[in-house]
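> My structure is below; once you've seen it, I'll send some questions.
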Amino acid sequence: MFTLKKRSIISKARRGEFKTTHGTIQTPCFMPIATKGTVRTLSPDDLKRIGVQIVLSNTYHLLCRPGLEAMRERGGLHVWMHWDRPILTDSGGYQVFSLAKLRKVTEDGVMFQSHIDGAKIELSPERSMAMQQSIGSDIMMQMDVVLPPNANSLTMRDAMECSLRWARRSKKYLQSHRQDSVTDDQALFGIVQGGVDETLRRESAEALIDLDLDGYAIGGLSVGESREDNLRVAEFVASRLPQNKPRYFMGGGMPEEIVAYVKMGIDLFDCVIPTRHARHGSLFVMKPFNFPLSNVEGSFYKTLNISNTEHATADISIDPTCDCTLCTQFSRSYLHYLFDMKEILGMRLATEHNVRFYMRLMERIRMGVESGTV
């Protein structure tokens with residue numbers, strides 16, 4: 001499913017292709033967040049037009065509403081949201097641990113109350129797989145135990161080992177239930193856990209590699225640890241993952257972080273940053289730059305807060321080099337006005353722009369790997 005096309009000559013960056021039932025993903029690739037089956041304010045046609053290859057949806061939210069059976073009855077998420085390109089679904093584990101009330105973790109799974117109506121819901125590794133089969137995602141994530149970065153070492157080890165057992169159960173379930181999916185050839189990714197402890201991370205990676213899964217994710221980062229620890233652990237894990245399988249950094253991140261992760265040999269990324277920033281009027285603007293970058297930190301882009309009064313009379317484009325709807329048709333002053341009036345169009349235009357910024361960045365990165373400058 002994954003083909004390594006080219007390795008960088010100056011870093012560990014890779015160009016690859018990941019083939020799925022709903023299309024081939026060119027890597028490195030960024031996945032916008034479609035938590036509940038939609039990228040907020042954007043239609044599937046909008047996403048295609050600005051170059052989005054794959055979106056990420058959330059099993060927890062879709063389990064709460066509309067539910068497993070309702071999703072299956074509608075033929076899966078691709079059909080329901082009218083999106084014919086790949087979808088990755090996370091297992092729901094992170095949301096259970098961050099949103100749900102009165103959760104109880106056992107070896108079997110997690111019992112929790114829905115954050116919507118308080119209904120009791122049980123999520124096990126097997127049910128997570130069944131739900132993702134009903135969604136019909138092209139890439140499924142194993143269910144894992146998510147902990148805050150300040151968890152003690154014993155708790156972190158217990159969580160890591162439990163996540164490994166859940167990965168084995170997920171694979172075993174799929175081996176006997178492949179026929180239950182609403183789509184063909186779903187890939188299963190394992191999640192390397194262990195906090196910032198390199199010993200735990202190594203044990204987790206080695207055990208998951210032994211399972212011979214379709215891809216491997218680096219989880220449990222971007223949850224409050226220092227950037228130094230984040231980058232150190234990401235590089236440590238990436239260097240131990242198979243060359244012939246895709247590598248996914250979960251939840252990262254800022255543009256300069258993505259460039260750093262790519263140089264470590266990581267292929268897939270997701271984050272709420274471009275869409276969340278857009279809804280609050282913070283836009284990414286590309287600066288003129290060429291790879292290689294001697295100092296990635298903040299050197300190739302800036303952020304612009306459209307609510308600042310300086311933009312009220314600025315009849316210029318957000319970014320004259322950008323080809324999104326906002327930059328080709330509207331001025332900063334108009335977008336400032338839309339946000340001041342709390343008009344939804346403002347959030348829509350800003351969201352399209354920020355997602356397009358990330359797509360343009362990934363396009364530049366892929367070309368840079370091919371040309372030997374990343």
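Convention: chains lettered A, B, ... in structure tokens order; per-chain residue numbering from 1; ligands numbered from 1 as shown.
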Which residues are near stretch 22-26 of chain A? Cut-off 12 Å, only C-alpha atoms, ignore same chain within fewer than 4 positions. Put them as a ChimeraX atom specification.
/A:1-6,14-18,30-31,51-55,78-79,83-88,136-139,183-186,246,267-268,359,362-363,365-367
> Save out the residues we just selected, N, CA and C atoms, as a compact mmCIF listing (two decimals), in the first residue's frame.

```
# COMPACT_ATOMS: atom_id res chain seq x y z
N MET A 1 0.82 -1.20 0.00
CA MET A 1 0.00 0.00 0.00
C MET A 1 0.86 1.26 0.00
N PHE A 2 2.03 1.21 0.68
CA PHE A 2 2.92 2.37 0.73
C PHE A 2 4.15 2.12 -0.13
N THR A 3 4.44 3.08 -0.99
CA THR A 3 5.62 2.98 -1.85
C THR A 3 6.53 4.16 -1.57
N LEU A 4 7.76 3.88 -1.22
CA LEU A 4 8.75 4.93 -0.99
C LEU A 4 9.34 5.33 -2.34
N LYS A 5 9.10 6.58 -2.75
CA LYS A 5 9.50 7.03 -4.09
C LYS A 5 10.89 7.67 -4.10
N LYS A 6 11.22 8.39 -3.04
CA LYS A 6 12.51 9.09 -3.04
C LYS A 6 12.90 9.45 -1.61
N ARG A 14 11.28 11.91 3.22
CA ARG A 14 10.91 10.91 2.21
C ARG A 14 9.75 11.44 1.36
N ARG A 15 9.73 11.00 0.11
CA ARG A 15 8.56 11.16 -0.77
C ARG A 15 7.97 9.79 -0.98
N GLY A 16 6.66 9.69 -0.76
CA GLY A 16 6.03 8.39 -0.91
C GLY A 16 4.63 8.50 -1.47
N GLU A 17 4.04 7.33 -1.71
CA GLU A 17 2.65 7.22 -2.14
C GLU A 17 1.98 6.15 -1.29
N PHE A 18 0.81 6.48 -0.77
CA PHE A 18 0.04 5.51 0.01
C PHE A 18 -1.27 5.27 -0.72
N PHE A 30 -0.54 16.64 4.83
CA PHE A 30 -1.25 17.17 6.00
C PHE A 30 -2.74 16.89 5.84
N MET A 31 -3.37 16.44 6.94
CA MET A 31 -4.79 16.10 6.94
C MET A 31 -5.58 17.11 7.76
N GLY A 51 -6.82 21.42 -2.78
CA GLY A 51 -5.76 20.43 -2.79
C GLY A 51 -5.71 19.46 -1.64
N VAL A 52 -6.80 19.34 -0.87
CA VAL A 52 -6.82 18.41 0.25
C VAL A 52 -6.93 16.98 -0.28
N GLN A 53 -6.01 16.12 0.17
CA GLN A 53 -5.99 14.73 -0.29
C GLN A 53 -6.78 13.80 0.62
N ILE A 54 -6.79 14.09 1.92
CA ILE A 54 -7.36 13.20 2.92
C ILE A 54 -7.78 14.03 4.12
N VAL A 55 -8.89 13.64 4.76
CA VAL A 55 -9.33 14.31 5.97
C VAL A 55 -9.34 13.32 7.13
N HIS A 78 -17.92 8.20 3.68
CA HIS A 78 -17.65 8.72 2.34
C HIS A 78 -18.96 9.05 1.62
N VAL A 79 -19.89 8.12 1.66
CA VAL A 79 -21.18 8.30 0.98
C VAL A 79 -21.96 9.43 1.63
N TRP A 83 -17.74 12.58 0.01
CA TRP A 83 -16.29 12.76 -0.10
C TRP A 83 -15.70 11.47 -0.65
N ASP A 84 -15.12 11.54 -1.86
CA ASP A 84 -14.64 10.32 -2.51
C ASP A 84 -13.12 10.17 -2.44
N ARG A 85 -12.50 10.93 -1.54
CA ARG A 85 -11.06 10.80 -1.30
C ARG A 85 -10.84 10.11 0.06
N PRO A 86 -9.61 9.79 0.40
CA PRO A 86 -9.36 9.03 1.63
C PRO A 86 -9.80 9.74 2.92
N ILE A 87 -10.11 8.92 3.91
CA ILE A 87 -10.44 9.38 5.26
C ILE A 87 -9.62 8.56 6.25
N LEU A 88 -9.05 9.23 7.24
CA LEU A 88 -8.44 8.56 8.40
C LEU A 88 -9.34 8.81 9.60
N GLY A 136 -16.11 3.27 7.45
CA GLY A 136 -15.50 2.96 6.16
C GLY A 136 -14.24 3.75 5.88
N SER A 137 -13.55 4.17 6.93
CA SER A 137 -12.33 4.95 6.74
C SER A 137 -11.26 4.12 6.06
N ASP A 138 -10.39 4.80 5.32
CA ASP A 138 -9.30 4.12 4.62
C ASP A 138 -8.17 3.76 5.57
N ILE A 139 -7.98 4.57 6.60
CA ILE A 139 -6.96 4.31 7.62
C ILE A 139 -7.64 4.33 8.97
N THR A 183 -16.31 -0.77 3.29
CA THR A 183 -15.37 -0.48 2.21
C THR A 183 -14.31 -1.57 2.16
N ASP A 184 -13.46 -1.51 1.15
CA ASP A 184 -12.43 -2.52 0.96
C ASP A 184 -11.08 -2.01 1.48
N ASP A 185 -10.25 -2.97 1.89
CA ASP A 185 -8.83 -2.70 2.14
C ASP A 185 -8.58 -1.56 3.11
N GLN A 186 -9.19 -1.62 4.27
CA GLN A 186 -8.88 -0.64 5.31
C GLN A 186 -7.52 -0.95 5.93
N PRO A 246 4.21 3.79 6.22
CA PRO A 246 4.02 5.22 6.49
C PRO A 246 4.11 5.53 7.97
N ASP A 267 5.71 11.13 7.62
CA ASP A 267 4.98 11.28 6.36
C ASP A 267 3.61 11.94 6.47
N LEU A 268 2.91 11.74 7.57
CA LEU A 268 1.52 12.20 7.70
C LEU A 268 1.36 13.05 8.94
N MET A 359 -1.70 23.30 2.55
CA MET A 359 -1.55 22.49 1.34
C MET A 359 -0.39 23.01 0.48
N MET A 362 2.85 21.88 2.05
CA MET A 362 3.16 20.48 1.78
C MET A 362 3.59 20.27 0.33
N GLU A 363 3.00 21.02 -0.59
CA GLU A 363 3.42 20.95 -1.99
C GLU A 363 4.88 21.38 -2.13
N ILE A 365 7.12 21.29 0.23
CA ILE A 365 7.94 20.28 0.90
C ILE A 365 8.17 19.08 -0.02
N ARG A 366 7.11 18.60 -0.67
CA ARG A 366 7.26 17.44 -1.56
C ARG A 366 8.21 17.75 -2.70
N MET A 367 8.10 18.95 -3.26
CA MET A 367 9.03 19.34 -4.32
C MET A 367 10.44 19.46 -3.78
```
> Pick out the residues sitting within 8 Å of stretch 334-344 of chain A, and hand them over as a list of chain:residue names; count only C-alpha atoms, and ignore anything fewer than 2 positions along from it in its own chain.
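Counting only the stated atoms, we get A:Thr41, A:Gly281, A:Ile306, A:Ser307, A:Asn308, A:His311, A:Ala312, A:Asp315, A:Phe330, A:Ser331, A:Arg332, A:Gly346, A:Met347, A:Arg348.
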> Nearest to A:Glu122 among A:Met156, A:Ala238, A:Val262, A:Leu63, with distances taken over only C-alpha atoms: which residue is it?
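Among the listed residues, A:Leu63 lies closest to A:Glu122.
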> In terms of the shortest atom-to-atom distance over only C-alpha atoms, which of A:Leu62, A:Leu147, A:Leu188, A:Leu241 is closest to A:Glu203?
A:Leu241
> How many Å lie between atom CA of A:His82 and atom CA of A:Ile273, rounded to one decimal?
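Straight-line distance from atom CA of A:His82 to atom CA of A:Ile273 works out to 24.3 Å.
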> What are the closest atom pairs, with distances in Å to one decimal, for each residue of stretch 232-269 of chain A lying within 10 Å of stretch 205-227 of chain A, using only C-alpha atoms, rows by chain and rising residue number, as JSON lines?

```
{"residue": "A:Arg232", "atom": "CA", "partner": "A:Arg227", "partner_atom": "CA", "distance": 8.4}
{"residue": "A:Val233", "atom": "CA", "partner": "A:Leu221", "partner_atom": "CA", "distance": 8.5}
{"residue": "A:Ala234", "atom": "CA", "partner": "A:Ile218", "partner_atom": "CA", "distance": 6.9}
{"residue": "A:Glu235", "atom": "CA", "partner": "A:Ile218", "partner_atom": "CA", "distance": 9.9}
{"residue": "A:Val237", "atom": "CA", "partner": "A:Ala205", "partner_atom": "CA", "distance": 7.1}
{"residue": "A:Ala238", "atom": "CA", "partner": "A:Ile218", "partner_atom": "CA", "distance": 7.9}
{"residue": "A:Arg240", "atom": "CA", "partner": "A:Ala205", "partner_atom": "CA", "distance": 7.1}
{"residue": "A:Leu241", "atom": "CA", "partner": "A:Ala205", "partner_atom": "CA", "distance": 7.0}
{"residue": "A:Pro242", "atom": "CA", "partner": "A:Ile209", "partner_atom": "CA", "distance": 7.5}
{"residue": "A:Asn244", "atom": "CA", "partner": "A:Gly215", "partner_atom": "CA", "distance": 8.9}
{"residue": "A:Lys245", "atom": "CA", "partner": "A:Gly215", "partner_atom": "CA", "distance": 5.2}
{"residue": "A:Pro246", "atom": "CA", "partner": "A:Gly215", "partner_atom": "CA", "distance": 5.0}
{"residue": "A:Arg247", "atom": "CA", "partner": "A:Tyr216", "partner_atom": "CA", "distance": 5.2}
{"residue": "A:Tyr248", "atom": "CA", "partner": "A:Ala217", "partner_atom": "CA", "distance": 4.4}
{"residue": "A:Phe249", "atom": "CA", "partner": "A:Ile218", "partner_atom": "CA", "distance": 5.0}
{"residue": "A:Met250", "atom": "CA", "partner": "A:Gly219", "partner_atom": "CA", "distance": 5.5}
{"residue": "A:Gly251", "atom": "CA", "partner": "A:Ser222", "partner_atom": "CA", "distance": 6.2}
{"residue": "A:Gly252", "atom": "CA", "partner": "A:Ser222", "partner_atom": "CA", "distance": 6.5}
{"residue": "A:Gly253", "atom": "CA", "partner": "A:Ser222", "partner_atom": "CA", "distance": 7.8}
{"residue": "A:Glu257", "atom": "CA", "partner": "A:Arg227", "partner_atom": "CA", "distance": 9.1}
{"residue": "A:Ile266", "atom": "CA", "partner": "A:Ala217", "partner_atom": "CA", "distance": 9.2}
{"residue": "A:Asp267", "atom": "CA", "partner": "A:Ala217", "partner_atom": "CA", "distance": 9.8}
{"residue": "A:Leu268", "atom": "CA", "partner": "A:Ala217", "partner_atom": "CA", "distance": 8.7}
{"residue": "A:Phe269", "atom": "CA", "partner": "A:Ala217", "partner_atom": "CA", "distance": 9.6}
```
> Now that the selection is made, can you save its residues with N, CA and C atoms as a PDB file, in the first residue's frame?

```pdb
ATOM      1  N   ARG A 232      12.552  15.724  20.384  1.00  0.00           N
ATOM      2  CA  ARG A 232      13.473  14.632  20.741  1.00  0.00           C
ATOM      3  C   ARG A 232      12.789  13.274  20.620  1.00  0.00           C
ATOM      4  N   VAL A 233      11.594  13.151  21.190  1.00  0.00           N
ATOM      5  CA  VAL A 233      10.891  11.867  21.167  1.00  0.00           C
ATOM      6  C   VAL A 233      10.444  11.521  19.753  1.00  0.00           C
ATOM      7  N   ALA A 234       9.960  12.513  19.004  1.00  0.00           N
ATOM      8  CA  ALA A 234       9.528  12.252  17.630  1.00  0.00           C
ATOM      9  C   ALA A 234      10.675  11.695  16.796  1.00  0.00           C
ATOM     10  N   GLU A 235      11.845  12.308  16.911  1.00  0.00           N
ATOM     11  CA  GLU A 235      12.996  11.831  16.138  1.00  0.00           C
ATOM     12  C   GLU A 235      13.445  10.453  16.608  1.00  0.00           C
ATOM     13  N   VAL A 237      11.612   8.055  17.923  1.00  0.00           N
ATOM     14  CA  VAL A 237      10.675   7.024  17.454  1.00  0.00           C
ATOM     15  C   VAL A 237      10.764   6.852  15.944  1.00  0.00           C
ATOM     16  N   ALA A 238      10.773   7.965  15.203  1.00  0.00           N
ATOM     17  CA  ALA A 238      10.793   7.878  13.740  1.00  0.00           C
ATOM     18  C   ALA A 238      11.982   7.075  13.245  1.00  0.00           C
ATOM     19  N   ARG A 240      13.248   4.555  14.445  1.00  0.00           N
ATOM     20  CA  ARG A 240      13.097   3.128  14.743  1.00  0.00           C
ATOM     21  C   ARG A 240      11.930   2.479  14.002  1.00  0.00           C
ATOM     22  N   LEU A 241      11.217   3.236  13.200  1.00  0.00           N
ATOM     23  CA  LEU A 241      10.073   2.694  12.475  1.00  0.00           C
ATOM     24  C   LEU A 241      10.498   2.172  11.108  1.00  0.00           C
ATOM     25  N   PRO A 242       9.766   1.195  10.565  1.00  0.00           N
ATOM     26  CA  PRO A 242      10.154   0.584   9.284  1.00  0.00           C
ATOM     27  C   PRO A 242      10.188   1.597   8.141  1.00  0.00           C
ATOM     28  N   ASN A 244       9.528   0.887   5.083  1.00  0.00           N
ATOM     29  CA  ASN A 244       8.526   0.551   4.069  1.00  0.00           C
ATOM     30  C   ASN A 244       7.094   0.763   4.529  1.00  0.00           C
ATOM     31  N   LYS A 245       6.912   1.460   5.645  1.00  0.00           N
ATOM     32  CA  LYS A 245       5.568   1.747   6.152  1.00  0.00           C
ATOM     33  C   LYS A 245       5.424   3.243   6.415  1.00  0.00           C
ATOM     34  N   PRO A 246       4.215   3.794   6.216  1.00  0.00           N
ATOM     35  CA  PRO A 246       4.020   5.221   6.489  1.00  0.00           C
ATOM     36  C   PRO A 246       4.110   5.532   7.975  1.00  0.00           C
ATOM     37  N   ARG A 247       4.590   6.738   8.270  1.00  0.00           N
ATOM     38  CA  ARG A 247       4.762   7.208   9.646  1.00  0.00           C
ATOM     39  C   ARG A 247       3.908   8.458   9.840  1.00  0.00           C
ATOM     40  N   TYR A 248       3.192   8.478  10.938  1.00  0.00           N
ATOM     41  CA  TYR A 248       2.186   9.516  11.168  1.00  0.00           C
ATOM     42  C   TYR A 248       2.428  10.168  12.525  1.00  0.00           C
ATOM     43  N   PHE A 249       2.627  11.486  12.526  1.00  0.00           N
ATOM     44  CA  PHE A 249       2.733  12.229  13.786  1.00  0.00           C
ATOM     45  C   PHE A 249       1.355  12.778  14.118  1.00  0.00           C
ATOM     46  N   MET A 250       0.800  12.345  15.234  1.00  0.00           N
ATOM     47  CA  MET A 250      -0.565  12.713  15.596  1.00  0.00           C
ATOM     48  C   MET A 250      -0.605  14.061  16.315  1.00  0.00           C
ATOM     49  N   GLY A 251      -1.392  14.988  15.750  1.00  0.00           N
ATOM     50  CA  GLY A 251      -1.637  16.248  16.433  1.00  0.00           C
ATOM     51  C   GLY A 251      -0.616  17.339  16.243  1.00  0.00           C
ATOM     52  N   GLY A 252       0.260  17.201  15.275  1.00  0.00           N
ATOM     53  CA  GLY A 252       1.271  18.240  15.074  1.00  0.00           C
ATOM     54  C   GLY A 252       1.227  18.753  13.637  1.00  0.00           C
ATOM     55  N   GLY A 253       1.346  19.991  13.453  1.00  0.00           N
ATOM     56  CA  GLY A 253       1.380  21.042  14.425  1.00  0.00           C
ATOM     57  C   GLY A 253       1.521  22.361  13.695  1.00  0.00           C
ATOM     58  N   GLU A 257       7.051  23.165  12.842  1.00  0.00           N
ATOM     59  CA  GLU A 257       7.152  21.824  13.422  1.00  0.00           C
ATOM     60  C   GLU A 257       7.008  20.764  12.342  1.00  0.00           C
ATOM     61  N   ILE A 266       9.047  11.632   8.788  1.00  0.00           N
ATOM     62  CA  ILE A 266       7.629  11.414   9.080  1.00  0.00           C
ATOM     63  C   ILE A 266       6.807  11.862   7.874  1.00  0.00           C
ATOM     64  N   ASP A 267       5.707  11.134   7.619  1.00  0.00           N
ATOM     65  CA  ASP A 267       4.979  11.278   6.358  1.00  0.00           C
ATOM     66  C   ASP A 267       3.608  11.942   6.465  1.00  0.00           C
ATOM     67  N   LEU A 268       2.907  11.736   7.568  1.00  0.00           N
ATOM     68  CA  LEU A 268       1.523  12.196   7.698  1.00  0.00           C
ATOM     69  C   LEU A 268       1.360  13.052   8.944  1.00  0.00           C
ATOM     70  N   PHE A 269       0.486  14.062   8.832  1.00  0.00           N
ATOM     71  CA  PHE A 269       0.283  15.006   9.927  1.00  0.00           C
ATOM     72  C   PHE A 269      -1.176  15.439   9.976  1.00  0.00           C
TER      73      PHE A 269
END
```
> Pick out the residues sitting within 10 Å of A:Met131, and hand them over as a list of chain:residue names; count only C-alpha atoms, and ignore anything fewer than 5 positions along from it in its own chain.
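The residues that qualify are A:Thr59, A:Tyr60, A:Leu62, A:Leu63, A:Gly67, A:Leu68, A:Glu69, A:Met71, A:Arg72, A:Gly76, A:Thr89, A:Ser91, A:Gly92, A:Leu123, A:Pro125, A:Glu126, A:Gly136, A:Ser137, A:Met140, A:Ser181.
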